[in-house]
file target.tsv (TSV, C-alpha atoms)
chain	number	residue	atom	x	y	z
W	90	MET	CA	272.00	-163.70	64.06
W	91	ARG	CA	273.74	-166.28	66.34
W	92	ASN	CA	275.27	-167.10	69.72
W	93	PHE	CA	277.93	-166.81	72.91
W	94	VAL	CA	281.55	-166.13	74.97
W	95	LEU	CA	282.39	-169.49	74.03
W	96	CYS	CA	278.87	-170.12	73.36
W	97	LEU	CA	280.16	-167.27	71.51
W	98	ILE	CA	281.83	-169.41	69.05
W	99	LEU	CA	279.78	-172.50	68.90
W	100	ALA	CA	276.75	-170.52	67.84
W	101	THR	CA	274.03	-172.85	66.57
W	102	LEU	CA	272.48	-175.83	68.27
W	103	ILE	CA	271.68	-178.29	65.52
W	104	SER	CA	270.13	-181.63	66.06
W	105	CYS	CA	272.40	-184.57	66.80
W	106	SER	CA	270.42	-186.76	69.19
W	107	SER	CA	266.85	-187.95	69.66
W	108	SER	CA	266.78	-190.22	72.70
W	109	PRO	CA	263.85	-189.71	75.12
W	110	TYR	CA	264.13	-187.17	77.92
W	111	PRO	CA	261.64	-188.21	80.61
W	112	HIS	CA	260.77	-184.98	82.38
W	113	ILE	CA	260.11	-182.85	79.27
W	114	ASN	CA	256.79	-182.85	77.49
W	115	PHE	CA	257.89	-181.89	74.00
W	116	SER	CA	254.29	-181.43	72.90
W	117	GLU	CA	254.16	-178.23	74.95
W	118	TRP	CA	254.68	-175.06	72.96
W	119	ASP	CA	255.59	-171.58	74.19
W	120	ARG	CA	252.21	-170.20	73.23
W	121	SER	CA	250.46	-169.41	76.47
W	122	PRO	CA	248.71	-166.02	76.57
W	123	GLN	CA	251.51	-164.76	78.81
W	124	CYS	CA	254.31	-165.81	76.46
W	125	CYS	CA	256.35	-163.33	74.50
W	126	GLN	CA	254.04	-160.37	75.16
W	127	ALA	CA	254.80	-156.82	76.18
W	128	VAL	CA	252.22	-154.05	76.28
W	129	GLY	CA	252.67	-150.36	75.56
W	130	THR	CA	250.57	-147.44	74.36
W	131	LYS	CA	252.75	-145.82	71.68
W	132	LEU	CA	255.00	-148.63	70.55
W	133	ALA	CA	254.57	-152.10	69.10
W	134	LEU	CA	257.26	-154.68	69.81
W	135	ALA	CA	257.37	-158.33	68.79
W	136	SER	CA	260.22	-160.68	69.60
W	137	GLY	CA	260.87	-164.34	70.25
W	138	GLY	CA	261.49	-163.90	73.96
W	139	THR	CA	259.29	-163.00	76.93
W	140	PHE	CA	262.08	-161.35	78.91
W	141	SER	CA	263.57	-159.75	75.80
W	142	SER	CA	260.31	-158.02	74.92
W	143	LYS	CA	260.01	-156.79	78.50
W	144	ALA	CA	263.59	-155.49	78.30
W	145	GLY	CA	262.74	-153.51	75.19
W	146	MET	CA	259.66	-152.00	76.78
W	147	GLU	CA	261.64	-151.06	79.88
W	148	ILE	CA	264.12	-149.16	77.70
W	149	LYS	CA	261.19	-147.34	76.11
W	150	LYS	CA	259.94	-146.33	79.56
W	151	GLN	CA	263.39	-144.90	80.30
W	152	GLY	CA	263.05	-142.56	77.33
W	153	GLY	CA	264.62	-144.69	74.63
W	154	ASN	CA	263.66	-144.42	70.99
W	155	ILE	CA	262.79	-147.34	68.70
W	156	VAL	CA	266.45	-148.02	67.92
W	157	ASP	CA	267.33	-148.21	71.63
W	158	VAL	CA	264.41	-150.60	72.06
W	159	ALA	CA	265.51	-152.78	69.15
W	160	VAL	CA	269.15	-152.96	70.28
W	161	ALA	CA	268.21	-153.76	73.90
W	162	THR	CA	265.80	-156.45	72.72
W	163	ALA	CA	268.41	-157.99	70.41
W	164	PHE	CA	271.05	-158.24	73.13
W	165	SER	CA	268.50	-159.71	75.53
W	166	LEU	CA	267.52	-162.28	72.89
W	167	ALA	CA	271.19	-163.28	72.72
W	168	VAL	CA	270.81	-164.23	76.39
W	169	GLU	CA	267.31	-165.69	76.32
W	170	ARG	CA	267.60	-167.64	73.06
W	171	PRO	CA	271.13	-169.14	72.96
W	172	HIS	CA	269.92	-171.69	70.39
W	173	SER	CA	268.83	-168.92	68.01
W	174	LEU	CA	271.36	-166.10	68.05
W	175	GLY	CA	274.14	-164.46	70.02
W	176	LEU	CA	277.24	-162.31	70.07
W	177	GLY	CA	279.12	-164.57	67.67
W	178	GLY	CA	276.65	-164.20	64.82
W	179	GLY	CA	275.22	-161.40	62.75
W	180	GLY	CA	272.05	-160.02	61.27
W	181	PHE	CA	270.18	-157.46	59.21
W	182	LEU	CA	268.23	-154.34	60.16
W	183	LEU	CA	265.61	-152.68	57.97
W	184	LEU	CA	265.04	-149.19	59.35
W	185	SER	CA	262.44	-146.62	58.36
W	186	LEU	CA	262.43	-143.35	60.28
W	187	ALA	CA	259.69	-140.74	59.89
W	188	GLY	CA	259.70	-137.17	61.13
W	189	SER	CA	261.47	-134.06	59.86
W	190	LYS	CA	264.43	-136.11	58.60
W	191	PRO	CA	262.94	-139.31	57.19
W	192	GLU	CA	265.42	-142.06	56.47
W	193	GLN	CA	265.20	-145.56	55.04
W	194	VAL	CA	268.23	-147.80	55.27
W	195	PHE	CA	269.19	-151.46	55.38
W	196	VAL	CA	272.09	-152.39	57.67
W	197	ASP	CA	273.95	-155.56	56.72
W	198	PHE	CA	275.90	-156.93	59.67
W	199	ARG	CA	275.96	-160.56	58.70
W	200	GLU	CA	278.98	-162.73	59.38
W	201	THR	CA	281.82	-162.74	56.83
W	202	ALA	CA	284.40	-165.37	55.95
W	203	PRO	CA	287.70	-165.15	57.86
W	204	GLN	CA	290.63	-163.75	55.85
W	205	ARG	CA	292.29	-167.16	55.91
W	206	ALA	CA	289.25	-168.95	54.44
W	207	HIS	CA	290.05	-170.95	51.30
W	208	LYS	CA	288.19	-172.95	48.68
W	209	LYS	CA	289.32	-176.34	50.00
W	210	MET	CA	288.28	-175.88	53.63
W	211	PHE	CA	285.01	-177.79	53.19
W	212	VAL	CA	286.30	-180.76	51.15
W	213	ASP	CA	288.07	-183.96	52.16
W	214	ALA	CA	291.47	-185.17	50.94
W	215	SER	CA	289.93	-186.57	47.75
W	216	GLY	CA	288.22	-183.28	46.93
W	217	LYS	CA	284.74	-184.48	47.86
W	218	ALA	CA	282.49	-181.76	49.28
W	219	MET	CA	281.70	-182.08	52.99
W	220	PRO	CA	278.85	-179.59	53.58
W	221	GLU	CA	278.55	-180.48	57.27
W	222	LEU	CA	281.92	-178.77	57.86
W	223	SER	CA	280.32	-175.47	56.88
W	224	ARG	CA	277.58	-175.93	59.49
W	225	PHE	CA	279.21	-177.70	62.44
W	226	GLY	CA	282.49	-177.29	64.25
W	227	ILE	CA	285.32	-174.80	64.27
W	228	LEU	CA	285.62	-174.26	60.50
W	229	SER	CA	282.00	-173.10	60.35
W	230	VAL	CA	282.81	-170.07	62.53
W	231	ALA	CA	282.78	-166.79	60.59
W	232	THR	CA	283.74	-163.25	61.55
W	233	PRO	CA	280.83	-162.07	63.73
W	234	GLY	CA	278.93	-158.90	62.92
W	235	PHE	CA	276.37	-158.88	65.75
W	236	VAL	CA	278.26	-156.57	68.13
W	237	PRO	CA	279.77	-154.10	65.62
W	238	GLY	CA	276.47	-153.99	63.73
W	239	LEU	CA	274.32	-153.17	66.74
W	240	TYR	CA	276.91	-150.70	68.01
W	241	LEU	CA	276.90	-148.82	64.70
W	242	ILE	CA	273.09	-148.83	64.67
W	243	HIS	CA	272.95	-147.46	68.21
W	244	GLN	CA	275.61	-144.81	67.58
W	245	ARG	CA	273.89	-143.49	64.46
W	246	TRP	CA	270.26	-143.63	65.52
W	247	GLY	CA	270.05	-144.43	69.25
W	248	LYS	CA	269.32	-141.97	72.04
W	249	LEU	CA	270.09	-143.47	75.46
W	250	PRO	CA	273.65	-144.24	76.66
W	251	TRP	CA	275.08	-147.54	75.38
W	252	LYS	CA	275.50	-148.84	78.95
W	253	THR	CA	271.83	-148.23	79.68
W	254	VAL	CA	270.72	-150.13	76.59
W	255	LEU	CA	272.85	-153.19	77.46
W	256	LYS	CA	271.90	-153.33	81.14
W	257	PRO	CA	268.73	-155.47	80.73
W	258	ALA	CA	270.70	-158.16	78.89
W	259	ILE	CA	273.44	-158.10	81.53
W	260	ASP	CA	270.90	-158.48	84.33
W	261	LEU	CA	269.10	-161.29	82.52
W	262	ALA	CA	272.32	-163.24	82.01
W	263	ARG	CA	273.44	-162.73	85.61
W	264	LYS	CA	270.13	-163.43	87.36
W	265	GLY	CA	268.98	-166.13	84.95
W	266	PHE	CA	265.56	-167.14	83.69
W	267	PRO	CA	263.42	-170.31	83.71
W	268	ILE	CA	264.09	-172.57	80.75
W	269	TYR	CA	261.11	-172.78	78.40
W	270	PRO	CA	260.09	-175.90	76.41
W	271	SER	CA	261.77	-175.16	73.06
W	272	LEU	CA	265.09	-174.32	74.72
W	273	ALA	CA	264.88	-177.45	76.86
W	274	LYS	CA	264.21	-179.44	73.70
W	275	SER	CA	267.23	-177.96	71.92
W	276	ILE	CA	269.55	-178.58	74.86
W	277	HIS	CA	268.42	-182.19	74.95
W	278	GLU	CA	268.61	-182.74	71.19
W	279	GLU	CA	272.03	-181.13	70.86
W	280	LYS	CA	273.70	-182.54	73.96
W	281	GLY	CA	275.88	-184.88	71.90
W	282	PHE	CA	277.32	-181.85	70.10
W	283	LEU	CA	277.22	-179.33	72.95
W	284	PHE	CA	278.79	-181.45	75.64
W	285	LYS	CA	281.97	-182.05	73.66
W	286	GLN	CA	282.99	-178.64	75.01
W	287	GLU	CA	283.60	-178.52	78.75
W	288	TYR	CA	282.33	-174.95	79.03
W	289	LEU	CA	278.99	-175.75	77.39
W	290	ARG	CA	278.70	-178.99	79.31
W	291	ASN	CA	279.06	-177.10	82.59
W	292	LEU	CA	276.67	-174.39	81.43
W	293	PHE	CA	273.81	-176.65	80.36
W	294	SER	CA	274.51	-179.57	82.67
W	295	PRO	CA	275.73	-178.16	86.00
W	296	LYS	CA	276.50	-180.83	88.58
W	297	GLY	CA	276.01	-183.45	85.87
W	298	GLN	CA	272.25	-182.87	85.57
W	299	ILE	CA	270.99	-181.67	82.18
W	300	LEU	CA	268.88	-178.55	82.58
W	301	GLY	CA	265.23	-178.98	81.65
W	302	LYS	CA	262.01	-177.02	81.49
W	303	GLY	CA	261.57	-174.77	84.53
W	304	ASP	CA	265.22	-174.94	85.61
W	305	THR	CA	267.08	-171.63	85.83
W	306	LEU	CA	269.73	-170.88	83.21
W	307	ILE	CA	272.38	-168.53	84.59
W	308	GLN	CA	275.13	-167.30	82.24
W	309	LEU	CA	277.69	-165.51	84.38
W	310	ASP	CA	280.46	-165.51	81.78
W	311	LEU	CA	278.10	-164.01	79.22
W	312	ALA	CA	277.06	-161.38	81.77
W	313	ASP	CA	280.72	-160.49	82.36
W	314	THR	CA	281.31	-160.29	78.61
W	315	LEU	CA	278.34	-157.97	78.14
W	316	GLU	CA	279.53	-155.88	81.09
W	317	ARG	CA	282.95	-155.40	79.48
W	318	LEU	CA	281.26	-154.63	76.18
W	319	SER	CA	279.08	-151.98	77.83
W	320	LEU	CA	282.20	-150.24	79.17
W	321	ASN	CA	284.44	-150.61	76.11
W	322	PRO	CA	282.16	-150.92	73.07
W	323	GLN	CA	284.75	-149.92	70.47
W	324	THR	CA	287.57	-152.23	71.56
W	325	GLU	CA	286.19	-155.16	73.57
W	326	PHE	CA	285.16	-157.19	70.55
W	327	THR	CA	288.09	-156.17	68.34
W	328	THR	CA	291.26	-156.07	70.45
W	329	GLY	CA	290.01	-156.45	74.03
W	330	THR	CA	289.72	-159.35	76.46
W	331	THR	CA	286.79	-160.96	74.66
W	332	ALA	CA	288.45	-160.71	71.24
W	333	ASN	CA	291.64	-162.32	72.52
W	334	ARG	CA	289.75	-165.13	74.25
W	335	ILE	CA	287.89	-165.87	71.03
W	336	VAL	CA	291.08	-165.96	68.98
W	337	ASP	CA	292.93	-168.08	71.56
W	338	PHE	CA	290.11	-170.61	71.52
W	339	MET	CA	290.06	-170.62	67.72
W	340	LYS	CA	293.80	-171.32	67.61
W	341	SER	CA	293.48	-174.16	70.11
W	342	GLN	CA	290.81	-175.84	67.96
W	343	GLY	CA	292.36	-175.27	64.53
W	344	GLY	CA	290.04	-172.42	63.55
W	345	LEU	CA	290.74	-169.60	61.12
W	346	LEU	CA	289.44	-166.49	62.89
W	347	THR	CA	292.10	-163.91	63.86
W	348	VAL	CA	292.28	-160.58	65.69
W	349	SER	CA	292.68	-158.97	62.28
W	350	ASP	CA	289.31	-160.41	61.21
W	351	LEU	CA	287.60	-159.01	64.30
W	352	SER	CA	289.22	-155.58	64.13
W	353	SER	CA	288.67	-155.09	60.38
W	354	TYR	CA	284.97	-156.05	60.29
W	355	ARG	CA	282.68	-153.26	59.08
W	356	PRO	CA	278.86	-153.36	58.76
W	357	LYS	CA	277.48	-152.21	55.40
W	358	LEU	CA	274.69	-149.74	54.70
W	359	ARG	CA	272.56	-150.67	51.68
W	360	LYS	CA	269.48	-149.29	49.94
W	361	PRO	CA	266.24	-151.13	50.77
W	362	LEU	CA	264.33	-152.87	48.00
W	363	LYS	CA	261.09	-151.03	47.15
W	364	PHE	CA	258.10	-152.70	45.53
W	365	PHE	CA	254.58	-151.45	44.84
W	366	TRP	CA	251.86	-153.99	45.57
W	367	LYS	CA	248.13	-153.26	45.66
W	368	LYS	CA	248.85	-149.49	45.63
W	369	LYS	CA	251.13	-149.79	48.65
W	370	GLU	CA	254.89	-149.25	48.68
W	371	LEU	CA	256.64	-152.14	50.41
W	372	LEU	CA	260.06	-151.58	51.93
W	373	LEU	CA	262.01	-154.85	51.84
W	374	PRO	CA	265.51	-156.18	52.56
W	375	PRO	CA	267.85	-156.28	49.54
W	376	PRO	CA	270.51	-158.97	48.96
W	377	PRO	CA	272.45	-160.52	50.55
W	378	SER	CA	269.19	-161.07	52.44
W	379	ALA	CA	266.92	-163.24	50.32
W	380	SER	CA	263.68	-162.35	52.10
W	381	GLY	CA	262.85	-159.21	50.12
W	382	VAL	CA	263.28	-160.72	46.67
W	383	LEU	CA	261.48	-163.90	47.70
W	384	SER	CA	258.59	-161.91	49.17
W	385	VAL	CA	258.12	-160.05	45.88
W	386	GLU	CA	258.34	-163.26	43.85
W	387	MET	CA	255.82	-165.01	46.07
W	388	LEU	CA	253.41	-162.08	45.92
W	389	GLN	CA	253.66	-162.07	42.12
W	390	MET	CA	252.89	-165.79	42.01
W	391	LEU	CA	250.02	-165.34	44.44
W	392	ASP	CA	248.45	-162.63	42.28
W	393	ALA	CA	248.97	-164.49	39.00
W	394	GLY	CA	246.55	-166.94	37.43
W	395	THR	CA	243.28	-168.18	38.90
W	396	PRO	CA	242.22	-166.61	42.21
W	397	VAL	CA	242.88	-168.88	45.15
W	398	SER	CA	240.01	-170.93	46.53
W	399	ASN	CA	238.54	-169.96	49.89
W	400	GLU	CA	238.96	-173.55	51.03
W	401	LYS	CA	241.62	-173.67	53.73
W	402	LYS	CA	243.47	-176.73	52.46
W	403	GLN	CA	243.66	-175.23	48.95
W	404	LYS	CA	245.15	-172.02	50.35
W	405	ILE	CA	247.74	-173.97	52.31
W	406	HIS	CA	248.56	-176.09	49.25
W	407	LEU	CA	249.04	-173.00	47.06
W	408	LEU	CA	251.25	-171.23	49.58
W	409	ALA	CA	253.39	-174.32	50.05
W	410	GLU	CA	253.87	-174.70	46.29
W	411	ILE	CA	254.69	-171.00	45.86
W	412	MET	CA	257.29	-171.16	48.64
W	413	LYS	CA	258.92	-174.25	47.13
W	414	ARG	CA	259.47	-172.44	43.85
W	415	ALA	CA	260.71	-169.22	45.42
W	416	TYR	CA	263.25	-171.07	47.53
W	417	ALA	CA	264.43	-173.03	44.49
W	418	ASP	CA	265.15	-169.72	42.78
W	419	ARG	CA	266.89	-168.45	45.89
W	420	SER	CA	269.52	-171.16	45.72
W	421	GLN	CA	270.20	-170.39	42.04
W	422	VAL	CA	270.07	-166.62	41.77
W	423	ILE	CA	270.50	-164.81	45.09
W	424	GLY	CA	273.95	-164.32	46.60
W	425	ASP	CA	276.29	-161.74	48.08
W	426	PRO	CA	276.17	-158.61	45.87
W	427	ASP	CA	279.72	-157.72	46.92
W	428	PHE	CA	281.06	-160.82	45.17
W	429	ASN	CA	278.43	-161.74	42.57
W	430	HIS	CA	276.62	-159.94	39.78
W	431	LEU	CA	272.97	-160.48	40.63
W	432	ASN	CA	270.39	-160.13	37.86
W	433	LEU	CA	267.25	-160.11	39.97
W	434	SER	CA	264.95	-158.22	37.60
W	435	PRO	CA	263.36	-161.34	36.04
W	436	LEU	CA	262.32	-162.64	39.47
W	437	LEU	CA	260.45	-159.41	40.18
W	438	GLU	CA	258.41	-159.37	36.96
W	439	LYS	CA	254.71	-160.26	36.85
W	440	SER	CA	255.34	-162.44	33.80
W	441	TYR	CA	257.80	-164.55	35.76
W	442	GLY	CA	255.34	-164.95	38.62
W	443	LEU	CA	252.72	-166.11	36.14
W	444	SER	CA	255.06	-168.63	34.50
W	445	ARG	CA	255.93	-170.09	37.91
W	446	ARG	CA	252.28	-170.15	39.01
W	447	GLN	CA	251.36	-172.12	35.90
W	448	THR	CA	253.62	-174.98	37.00
W	449	ILE	CA	251.52	-175.53	40.14
W	450	ASP	CA	249.05	-178.40	40.05
W	451	PRO	CA	246.07	-177.43	42.27
W	452	ASN	CA	245.45	-181.08	43.09
W	453	ARG	CA	248.96	-182.43	43.57
W	454	ALA	CA	251.94	-181.47	45.67
W	455	THR	CA	255.15	-181.18	43.68
W	456	PRO	CA	257.94	-183.22	45.30
W	457	VAL	CA	260.59	-180.87	46.65
W	458	THR	CA	263.27	-182.76	44.75
W	459	GLU	CA	261.55	-181.83	41.48
W	460	VAL	CA	261.56	-178.13	42.31
W	461	THR	CA	264.76	-177.29	44.12
W	462	PRO	CA	268.25	-178.14	42.86
W	463	ILE	CA	269.61	-178.74	46.36
W	464	ASP	CA	269.16	-181.73	48.64
W	465	PRO	CA	266.20	-180.90	50.94
W	466	SER	CA	267.66	-183.18	53.63
W	467	THR	CA	270.42	-180.60	54.18
W	468	LEU	CA	267.95	-177.84	55.05
W	469	ARG	CA	267.94	-178.49	58.77
W	470	ASP	CA	269.23	-175.25	60.21
W	471	ARG	CA	266.22	-173.59	61.83
W	472	HIS	CA	268.12	-171.45	64.30
W	473	THR	CA	267.50	-167.77	63.84
W	474	THR	CA	265.09	-165.25	65.27
W	475	HIS	CA	263.44	-161.95	64.41
W	476	LEU	CA	262.17	-158.85	66.13
W	477	SER	CA	260.04	-155.93	65.01
W	478	VAL	CA	259.62	-152.52	66.63
call {"tool": "encode", "arguments": {"input": "target.tsv", "output": "structure tokens"}}
result
Amino acid sequence: MRNFVLCLILATLISCSSSPYPHINFSEWDRSPQCCQAVGTKLALASGGTFSSKAGMEIKKQGGNIVDVAVATAFSLAVERPHSLGLGGGGFLLLSLAGSKPEQVFVDFRETAPQRAHKKMFVDASGKAMPELSRFGILSVATPGFVPGLYLIHQRWGKLPWKTVLKPAIDLARKGFPIYPSLAKSIHEEKGFLFKQEYLRNLFSPKGQILGKGDTLIQLDLADTLERLSLNPQTEFTTGTTANRIVDFMKSQGGLLTVSDLSSYRPKLRKPLKFFWKKKELLLPPPPSASGVLSVEMLQMLDAGTPVSNEKKQKIHLLAEIMKRAYADRSQVIGDPDFNHLNLSPLLEKSYGLSRRQTIDPNRATPVTEVTPIDPSTLRDRHTTHLSV
């Protein structure tokens, strides 16, 4: 999931600068007892945002079901965590409904390549690969699935009116909220990238002063966009004002996204991955999400071989080594099932977990470069977020 209105398009904040910023103590973490908590009696909600969790609980108090709560929280996160997600990105939903009509479904609303994407868009004139082009700048922008995905989810399983569910996010964007340490850190680190765009420069540095911890971030344009979306959910992001503004901006910057891309986007419903572990059935995300397959592989490695020591540092060492191997396999085997034949069965077998576990030295860390076939220095994108209801 990623960002928005124009922040819409520039989605992720990825590090470009590291000069000191005097009035921020970067050693502070958002882990006070008051942070990111919401309390209820019949519902559990966890998200990466204090105000977003409160928004979800407020929707529950208004009679919303868990889907209403999840959608309201997600839209509020797009306001509260602009460095993690937003309207111009996408995501996944793993849904399990109990009751008289139980249902288990995985909704894939990740971004897709624009129709005009081509195989040479991330190479230079000599044919040399330029991976940064796929992560920064206008060519990295894909067709967003965030809005159509959450709208489909709400229409199929939600209860409250769409306008009601979006109202907390609209209010949060319009009234603003105090900037917390990790957001202040991202704004500072990414200012060299962000401030190339006048809109983002004015948003995060009003009156020429970079916003820092405790300052109020107000996003009036985002509030207006969400307001239009609450009134015209089926057209605003496909052929409406917002869609046309996105496409006009893309054209002005040499981007590939078109109105046709926005209007033709469709979320996909997939079957969840099921796995039995310690007599429990686990419901996990299937590809194109890698998390389900990797979770199974890591559990198989954890169970294989010699039981792990109770010593804390040995546990940490083992987990780190297991994760290295799982992520190496991810880059080789897991992809988009709509375009690749994925033979995942070997990764899910106990025998494979054992063979991988046997390569782990309990007394030595394996260098990442010996495990994974990709350059670890390129794995810098840490901007995403999660919520559970």
call {"tool": "residues_around", "arguments": {"input": "target.tsv", "residues": "W:Asp425", "least_positions_apart": "2", "cutoff": "10 Å", "atoms": "all atoms listed in the file", "output": "list in words"}}
result
Pro376, Pro377, Ser378, Ala379, Ile423, Asp427, Phe428, Asn429, His430 and Leu431 of chain W
call {"tool": "atom_distance", "arguments": {"input": "target.tsv", "atom1": "atom CA of W:Arg446", "atom2": "atom CA of W:Leu373"}}
result
22.2 Å
call {"tool": "residues_around", "arguments": {"input": "target.tsv", "residues": "W:Leu318", "least_positions_apart": "6", "cutoff": "10 Å", "atoms": "only C-alpha atoms", "output": "PDB file with C-alpha atoms, keeping the file's coordinate frame"}}
result
ATOM      1  CA  VAL W 236     278.260-156.570  68.130  1.00  0.00           C
ATOM      2  CA  TRP W 251     275.080-147.540  75.380  1.00  0.00           C
ATOM      3  CA  LYS W 252     275.500-148.840  78.950  1.00  0.00           C
ATOM      4  CA  LEU W 255     272.850-153.190  77.460  1.00  0.00           C
ATOM      5  CA  ALA W 312     277.060-161.380  81.770  1.00  0.00           C
ATOM      6  CA  THR W 324     287.570-152.230  71.560  1.00  0.00           C
ATOM      7  CA  GLU W 325     286.190-155.160  73.570  1.00  0.00           C
ATOM      8  CA  PHE W 326     285.160-157.190  70.550  1.00  0.00           C
ATOM      9  CA  GLY W 329     290.010-156.450  74.030  1.00  0.00           C
ATOM     10  CA  THR W 330     289.720-159.350  76.460  1.00  0.00           C
ATOM     11  CA  THR W 331     286.790-160.960  74.660  1.00  0.00           C
TER      12      THR W 331
END
call {"tool": "residues_around", "arguments": {"input": "target.tsv", "residues": "stretch 140-153 of chain W", "least_positions_apart": "4", "cutoff": "7 Å", "atoms": "all atoms listed in the file", "output": "number ranges by chain"}}
result
W: 125-127, 134-136, 157-159, 161-162, 165-166, 248-249, 254, 257
call {"tool": "write_last_selection", "arguments": {"input": "target.tsv", "atoms": "C-alpha atoms", "output": "CSV table (one decimal), in the coordinates of the input"}}
result
chain,number,residue,atom,x,y,z
W,125,CYS,CA,256.4,-163.3,74.5
W,126,GLN,CA,254.0,-160.4,75.2
W,127,ALA,CA,254.8,-156.8,76.2
W,134,LEU,CA,257.3,-154.7,69.8
W,135,ALA,CA,257.4,-158.3,68.8
W,136,SER,CA,260.2,-160.7,69.6
W,157,ASP,CA,267.3,-148.2,71.6
W,158,VAL,CA,264.4,-150.6,72.1
W,159,ALA,CA,265.5,-152.8,69.2
W,161,ALA,CA,268.2,-153.8,73.9
W,162,THR,CA,265.8,-156.4,72.7
W,165,SER,CA,268.5,-159.7,75.5
W,166,LEU,CA,267.5,-162.3,72.9
W,248,LYS,CA,269.3,-142.0,72.0
W,249,LEU,CA,270.1,-143.5,75.5
W,254,VAL,CA,270.7,-150.1,76.6
W,257,PRO,CA,268.7,-155.5,80.7
call {"tool": "residues_near_point", "arguments": {"input": "target.tsv", "point": "(286.5, -151.2, 59.4)", "cutoff": "12 Å", "atoms": "only C-alpha atoms", "output": "list of chain:residue names"}}
result
W:Gly234, W:Pro237, W:Gly238, W:Leu241, W:Gln323, W:Thr327, W:Ser349, W:Asp350, W:Leu351, W:Ser352, W:Ser353, W:Tyr354, W:Arg355, W:Pro356, W:Lys357
call {"tool": "closest_residue", "arguments": {"input": "target.tsv", "among": "W:Met219, W:Leu315, W:Leu182, W:Ala187", "to": "W:Val168", "atoms": "all atoms listed in the file"}}
result
W:Leu315
call {"tool": "residues_around", "arguments": {"input": "target.tsv", "residues": "stretch 188-200 of chain W", "least_positions_apart": "3", "cutoff": "7 Å", "atoms": "only C-alpha atoms", "output": "PyMOL selection string"}}
result
chain W and resi 178-185+231-235+238+356-361+374
call {"tool": "residues_around", "arguments": {"input": "target.tsv", "residues": "W:Ile411", "least_positions_apart": "6", "cutoff": "8 Å", "atoms": "only C-alpha atoms", "output": "number ranges by chain"}}
result
W: 387, 390-391, 446, 449
call {"tool": "write_last_selection", "arguments": {"input": "target.tsv", "atoms": "C-alpha atoms", "output": "mmCIF file, keeping the file's coordinate frame"}}
result
data_model
loop_
_atom_site.group_PDB
_atom_site.id
_atom_site.type_symbol
_atom_site.label_atom_id
_atom_site.label_comp_id
_atom_site.auth_asym_id
_atom_site.auth_seq_id
_atom_site.Cartn_x
_atom_site.Cartn_y
_atom_site.Cartn_z
ATOM 1 C CA MET W 387 255.820 -165.010 46.070
ATOM 2 C CA MET W 390 252.890 -165.790 42.010
ATOM 3 C CA LEU W 391 250.020 -165.340 44.440
ATOM 4 C CA ARG W 446 252.280 -170.150 39.010
ATOM 5 C CA ILE W 449 251.520 -175.530 40.140
#
call {"tool": "closest_residue", "arguments": {"input": "target.tsv", "among": "W:Pro220, W:Pro322, W:Gly247, W:Gly138", "to": "W:Val160", "atoms": "all atoms listed in the file"}}
result
W:Gly247
call {"tool": "atom_distance", "arguments": {"input": "target.tsv", "atom1": "atom CA of W:Glu386", "atom2": "atom CA of W:Thr201"}}
result
26.8 Å
call {"tool": "atom_distance", "arguments": {"input": "target.tsv", "atom1": "atom CA of W:Ser420", "atom2": "atom CA of W:Lys367"}}
result
27.9 Å
call {"tool": "closest_residue", "arguments": {"input": "target.tsv", "among": "W:Val348, W:Leu261, W:Glu410, W:Val230", "to": "W:Thr455", "atoms": "only C-alpha atoms"}}
result
W:Glu410
call {"tool": "closest_residue", "arguments": {"input": "target.tsv", "among": "W:Val422, W:Ser271, W:Pro203, W:Gln244", "to": "W:Pro435", "atoms": "only C-alpha atoms"}}
result
W:Val422
call {"tool": "closest_residue", "arguments": {"input": "target.tsv", "among": "W:Ala454, W:His172, W:Val460, W:Gln403", "to": "W:Gln421", "atoms": "only C-alpha atoms"}}
result
W:Val460
